[in-house]
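This report refers to the structure that appears directly beneath it.
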Amino acid sequence: MKSKALIWKELLDLSRDKRTLAVMIIIPFIGLPAMALVTTGLSSTQTTTVYIEVLDNKSLYIAKFISSQVMELSRQYGLRVNVTISNGPPKSVYNILLVIPKGFYKNITYINGIGTLYLKSLVGSVQSSEVKSIIENVIGEVKESVVVNRVKILANKSGINATPYNVLNPISISSGYYLPSGSPAPVSQVKLSYTARLLEFSLFFVANPAIILMGDSVLGEKERKTIETLLATPASKTSIIIGKLSASVAIGLVTAIADSAGVILYLSMISPGSLKLTPGLIGVNLAVSALLVIMSAAIITPAILRSSSIRSAQSVSYLLMMVALGIYFSALFIDFQRLPYYVQGILMVIPFTQAALALQNFVLGQYVLMATNLVIMVGFILLGIFVSIKSFNTERLILSK
Amino acid sequence: MKTKVEVPMDNNTDGNKYVIDAQNIYKKIGKKDVLKGINLLVNYGEIHVLAGHNGAGKTTFFRILIGLLRYDSGTLRVLGLDPYKSRQEVSKRLGYVPEDSSPYERLTGYENLKVYALIYSEGNEEVAERYVERGIEISGLKDKDLSRKAGEYSNGMKKRLLIARALMHSPKLVLLDEPTNGLDVFSAYNIRKLIKSMASSGTTFLISTHNMSEAEMLASKVSFIAHGLIIYTGSVKSAIEEFASVNLEEAFIKAVGERE
């Protein structure tokens with residue numbers, strides 16, 4: 001019953017710290033999507049300039065083809081491109097410069113000739129590299145049509161009945177996906193897996209508020225000079241820890257949901273159409289997030305209680321957040337299950353790994369492994385609470401600077 | 001006009017002769033011997049003032065009496081129990097206001113009282129409500145102040161709230177560490193008035209102070225503490241007489257001077 005009073009007190013105290021809550025909720029939830037809007041907005045307003053210098057009159061139609069194709073494809077990718085065709089050198093700086101030299105047409109129409117194009121792009125421009133890649137693709141189309149013509153000529157000369165496309169593509173690949181169980185996976189599964197990776201990364205934003213709130217709940221009492229009177233009441237160590245943990249978790253959950261929603265919004269805005277969220281994935285993500293919030297608060301508590309000073313407690317909290325960042329950032333690029341066993345062993349004892357693995361195992365249909373990850377998280381929670389109660393030393397709390 | 005709330009006071013002594021019985025209490029913090037063999041007996045119903053200079057060991061001794069710090073050697077009984085081993089039991093019958101403490105500043109005055117009332121009543125809402133009413137009466141805070149956040153209070157109001165919070169469950173023993181330190185004349189006067197009024201209804205007070213005028217105004221018994229030792233215990237009058245002084249301040253200076 002004392003825990004109930006303490007939970008009530010902690011909830012009131014934490015929820016009235018409007019500035020901290022605003023920083024924890026508003027920045028990721030509103031700030032990240034706003035950042036995505038600004039980024040995509042600015043990106044769509046910048047124009048990449050392309051200059052095609054045609055020194056070979058017969059190649060003018062090739063230059064016009066490249067220009068129209070580049071404009072069309074760029075529009076499809078949401079890029080603004082301005083192409084200028086001229087027979088003289090550029091008079092100002094362009095992002096991309098394509099030179100069609102004299103004799104180019106003659107070289108590509110000769111059966112054994114090589115026509116050289118000069119493609120240069122301005123250093124340090126992100127959008128230039130995207131447009132350059134589009135130009136290279138269009139040149140690839142031109143190249144293919146030249147080869148097709150050459151194959152036709154050779155086939156005619158040799159009297160062989162050959163289809164140019166087949167000559168050029170003697171091997172076809174039929175690709176697909178499958179799950180660890182061996183059953184085939186639809187293409188949508190790839191999107192789901194990609195989404196799960198992004199959700200794993202967003203777990204960093206889920207773990208963070210609980211660590212900060214728990215730290216504030218214990219260290220804040222000391223800084224605000226309220227801890228001594230609280231410790232002088234009949235409230236037990238357990239009820240004090242449960243009170244602080246429960247309130248940090250409750251508010252941590254709200255901020256975690258807002259934060260991870262902000263991250264998902266941000267990612268879906270900067271790469272639209274690349275995410276796939278199913279009710280199952282959302283449900284598992286919520287369960288994993290809830291356990292992660294409780295686990296983060298539970299494992300930081302003994303570290304805070306055992307710290308000899310407020311500064312060292314803050315350092316430990318910061319270190320724990322860095323560990324979480326390391327795990328969840330690597331989840332974007334690393335398959336934990338494919339790592340050498342000794343590396344896996346090390347990662348498994350880091351509590352944060354279990355949350356990432358639970359999501360990975362869910363999208364791969366490995367439900368038993370996912371359940372194991374969740375049970376291990378519960379184990380870390382219980383261990384954290386047990387060690388917190390054992391570490392609770394009033395003398396250390398009172399005398400730490 | 002507020003109705004006076006009667007919370008039954010248990011005046012029995014549970015068979016203990018003294019509220020506080022400290023014998024030879026030693027405490028080392030880091031490399032420093034903070035307490036070097038404290039001996040102190042506090043009787044039921046008295047206002048016992050522990051007077052000493054800064055760094056004499058008053059706060060450390062208080063923290064030991066509450067069970068927040070463990071003493072290294074000696075024997076100690078507070079309300080008949082060892083406070084370190086029975087912290088929860090002792091704290092149920094004890095009220096404490098540390099020198100450097102504050103109410104929960106984001107909570108209103110009422111909420112501050114309510115939280116502690118719920119802790120002391122072990123979640124019993126009815127009893128908690130009675131404690132809160134008593135706390136409001138002790139604090140003397142008006143309704144509009146009680147609904148304001150404690151962070152907006154003056155130092156005097158904060159101290160009154162803290163004392164009310166420590167007294168509302170009718171503890172047998174109240175420990176106040178420098179209760180009027182940093183307060184203006186009016187606030188300090190009101191706090192002293194409150195202590196005297198509570199003591200008249202049977203509450204035992206142990207008050208630490210370095211303000212000798214305050215000790216003289218409050219104490220039914222005074223102990224001088226210097227360098228981790230109690231160097232004198234007696235009434236204010238006998239202290240003045242023993243050290244052939246005009247007031248307690250002079251008596252204290254002479255007492256400490258004799259030791260140095």
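Going through the structure tokens in order, the chains are called A, B, and so on, while each chain numbers its residues from 1 and the ligands are numbered from 1 in the order shown.
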
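For B:Lys142, the non-local neighbours within 12 Å, defined as residues at least 6 positions apart in the same chain or in other chains and counting only C-alpha atoms, are B:Met1, B:Lys2, B:Gly109, B:Tyr110, B:Gly135, B:Ile136, B:Arg148, B:Tyr153, B:Met157, B:Arg160, B:Leu161.
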
At a cut-off of 8 Å, can you tabulate as JSON lines every residue of chain B near chain A together with its closest atom pair and the distance in Å to one decimal, using only C-alpha atoms and ordering rows by chain then number?
{"residue": "B:Ile66", "atom": "CA", "partner": "A:Ala232", "partner_atom": "CA", "distance": 6.4}
{"residue": "B:Gly67", "atom": "CA", "partner": "A:Ala232", "partner_atom": "CA", "distance": 7.8}
{"residue": "B:Leu68", "atom": "CA", "partner": "A:Thr394", "partner_atom": "CA", "distance": 5.5}
{"residue": "B:Leu69", "atom": "CA", "partner": "A:Glu395", "partner_atom": "CA", "distance": 5.0}
{"residue": "B:Arg70", "atom": "CA", "partner": "A:Glu395", "partner_atom": "CA", "distance": 7.3}
{"residue": "B:Arg87", "atom": "CA", "partner": "A:Pro234", "partner_atom": "CA", "distance": 7.4}
{"residue": "B:Gln88", "atom": "CA", "partner": "A:Pro234", "partner_atom": "CA", "distance": 4.4}
{"residue": "B:Glu89", "atom": "CA", "partner": "A:Pro234", "partner_atom": "CA", "distance": 6.9}
{"residue": "B:Val90", "atom": "CA", "partner": "A:Pro234", "partner_atom": "CA", "distance": 7.9}
{"residue": "B:Ser91", "atom": "CA", "partner": "A:Pro234", "partner_atom": "CA", "distance": 5.3}
{"residue": "B:Lys92", "atom": "CA", "partner": "A:Pro234", "partner_atom": "CA", "distance": 5.5}
{"residue": "B:Gly95", "atom": "CA", "partner": "A:Ala232", "partner_atom": "CA", "distance": 8.0}
{"residue": "B:Tyr96", "atom": "CA", "partner": "A:Thr229", "partner_atom": "CA", "distance": 6.7}
{"residue": "B:Val97", "atom": "CA", "partner": "A:Thr229", "partner_atom": "CA", "distance": 6.7}
{"residue": "B:Pro98", "atom": "CA", "partner": "A:Thr229", "partner_atom": "CA", "distance": 7.0}
{"residue": "B:Asp100", "atom": "CA", "partner": "A:Lys225", "partner_atom": "CA", "distance": 6.7}
{"residue": "B:Ser101", "atom": "CA", "partner": "A:Lys225", "partner_atom": "CA", "distance": 4.8}
{"residue": "B:Ser102", "atom": "CA", "partner": "A:Lys225", "partner_atom": "CA", "distance": 5.5}
{"residue": "B:Pro103", "atom": "CA", "partner": "A:Thr226", "partner_atom": "CA", "distance": 6.3}
{"residue": "B:Tyr104", "atom": "CA", "partner": "A:Thr226", "partner_atom": "CA", "distance": 6.7}
{"residue": "B:Arg106", "atom": "CA", "partner": "A:Asp13", "partner_atom": "CA", "distance": 5.7}
{"residue": "B:Leu107", "atom": "CA", "partner": "A:Asp13", "partner_atom": "CA", "distance": 6.5}
{"residue": "B:Val115", "atom": "CA", "partner": "A:Ala5", "partner_atom": "CA", "distance": 5.8}
{"residue": "B:Tyr116", "atom": "CA", "partner": "A:Thr233", "partner_atom": "CA", "distance": 7.9}
{"residue": "B:Leu118", "atom": "CA", "partner": "A:Ala5", "partner_atom": "CA", "distance": 5.8}
{"residue": "B:Ile119", "atom": "CA", "partner": "A:Lys2", "partner_atom": "CA", "distance": 5.0}
{"residue": "B:Tyr120", "atom": "CA", "partner": "A:Pro234", "partner_atom": "CA", "distance": 6.7}
{"residue": "B:Glu122", "atom": "CA", "partner": "A:Lys2", "partner_atom": "CA", "distance": 5.5}
{"residue": "B:Gly123", "atom": "CA", "partner": "A:Met1", "partner_atom": "CA", "distance": 4.8}

Keeping only C-alpha atoms, take the residues you just selected and write them out as an mmCIF file, in the first residue's frame.
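Now in part_32.cif:
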data_model
loop_
_atom_site.group_PDB
_atom_site.id
_atom_site.type_symbol
_atom_site.label_atom_id
_atom_site.label_comp_id
_atom_site.auth_asym_id
_atom_site.auth_seq_id
_atom_site.Cartn_x
_atom_site.Cartn_y
_atom_site.Cartn_z
ATOM 1 C CA ILE B 66 16.785 7.720 12.440
ATOM 2 C CA GLY B 67 18.608 4.647 11.149
ATOM 3 C CA LEU B 68 19.855 6.224 7.944
ATOM 4 C CA LEU B 69 23.490 5.746 8.959
ATOM 5 C CA ARG B 70 24.982 2.768 10.767
ATOM 6 C CA ARG B 87 14.364 1.517 10.737
ATOM 7 C CA GLN B 88 10.787 0.988 9.576
ATOM 8 C CA GLU B 89 9.435 0.293 13.072
ATOM 9 C CA VAL B 90 11.184 3.301 14.599
ATOM 10 C CA SER B 91 10.201 5.627 11.761
ATOM 11 C CA LYS B 92 6.496 4.872 12.279
ATOM 12 C CA GLY B 95 9.037 12.600 12.772
ATOM 13 C CA TYR B 96 12.139 14.096 11.184
ATOM 14 C CA VAL B 97 12.980 17.330 9.411
ATOM 15 C CA PRO B 98 16.575 17.479 8.170
ATOM 16 C CA ASP B 100 18.824 20.916 4.301
ATOM 17 C CA SER B 101 15.543 19.514 3.043
ATOM 18 C CA SER B 102 12.692 20.561 0.861
ATOM 19 C CA PRO B 103 9.120 19.462 0.162
ATOM 20 C CA TYR B 104 8.304 18.034 -3.263
ATOM 21 C CA ARG B 106 6.208 20.097 -8.116
ATOM 22 C CA LEU B 107 3.502 18.848 -5.737
ATOM 23 C CA VAL B 115 1.679 11.387 0.124
ATOM 24 C CA TYR B 116 3.259 11.171 3.570
ATOM 25 C CA LEU B 118 -0.673 7.595 2.926
ATOM 26 C CA ILE B 119 2.785 6.247 3.759
ATOM 27 C CA TYR B 120 2.284 6.635 7.532
ATOM 28 C CA GLU B 122 -0.043 2.316 5.253
ATOM 29 C CA GLY B 123 -2.521 3.245 2.553
#

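A straight line drawn from atom CA of A:Gly88 to atom CA of A:Ile52 is 9.2 Å long.
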
**OP:** Please give the complete set of residues from stretch 4-253 of chain B that DSSP, run on the backbone, assigns to strand (DSSP E or B), formatted as a PyMOL selection string.
**Re:** chain B and resi 20-29+32-42+47-52+73-78+81+94-97+108+149+173-177+204-209+221-226+229-234

**OP:** Excluding A:Leu245 and any residue of its chain fewer than 4 positions from it, enumerate the residues within 7 Å of it, using only C-alpha atoms, and give them as a PyMOL selection string.
**Re:** chain A and resi 214+241+249+297

Original post:
So which one's closest to A:Leu253, A:Met269, A:Ser74, A:Met295, A:Gly280? Using only C-alpha atoms, please.
Top reply: A:Met295

**OP:** Please indicate the distance in Å from atom CA of B:Tyr26 to atom CA of B:Pro179, rounded to one decimal place.
**Re:** 25.0 Å

**OP:** Please provide the set of residues having any atom within 10 Å of A:Val206, restricted to only C-alpha atoms, with same-chain residues fewer than 6 positions apart removed, written as a PyMOL selection string.
**Re:** chain A and resi 200+252-261+288-290+292-293+296+324

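Distances to B:Gly140 were evaluated for B:Ala188, B:Ile163, B:Val19, B:Ile225 using only C-alpha atoms, and the minimum falls at B:Ile163.
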
Original post:
If you run DSSP on this backbone, which residues of stretch 21-230 of chain B come out as helix (DSSP H, G or I), and could you give them as a ChimeraX atom specification?
Top reply: /B:58-66,87-92,109-120,125-139,143-146,150-152,155-167,185-200,212-218

**OP:** Kindly give the distance, in Å, that separates atom CA of A:Ile134 and atom CA of A:Arg80, rounded to a single decimal.
**Re:** 12.5 Å

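With only C-alpha atoms taken into account, the protein and nucleic acid residues at most 12 Å from A:Phe380 (excluding it and anything under 5 positions from it in its own chain) are A:Leu291, A:Leu292, A:Val293, A:Ile294, A:Met295, A:Ser296, A:Ala297, A:Ala298, A:Ile299, A:Ile300, A:Met348, A:Val349, A:Ile350, A:Pro351, A:Phe352, A:Thr353, A:Gln354, A:Ala355, A:Asn373, A:Leu374, A:Val375, A:Ile385, A:Phe386, A:Val387, A:Ser388.
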
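For A:Phe65, the list of residues within 10 Å, based on only C-alpha atoms and with local chain neighbours fewer than 6 positions off taken out, reads Ser59, Met71, Val138, Ile139 and Val142 of chain A.
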
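Candidate residues B:Ser213, B:Thr233, B:Ser121, B:Ser86 were compared for distance to B:Val246, and the nearest is B:Ser213, using only C-alpha atoms.
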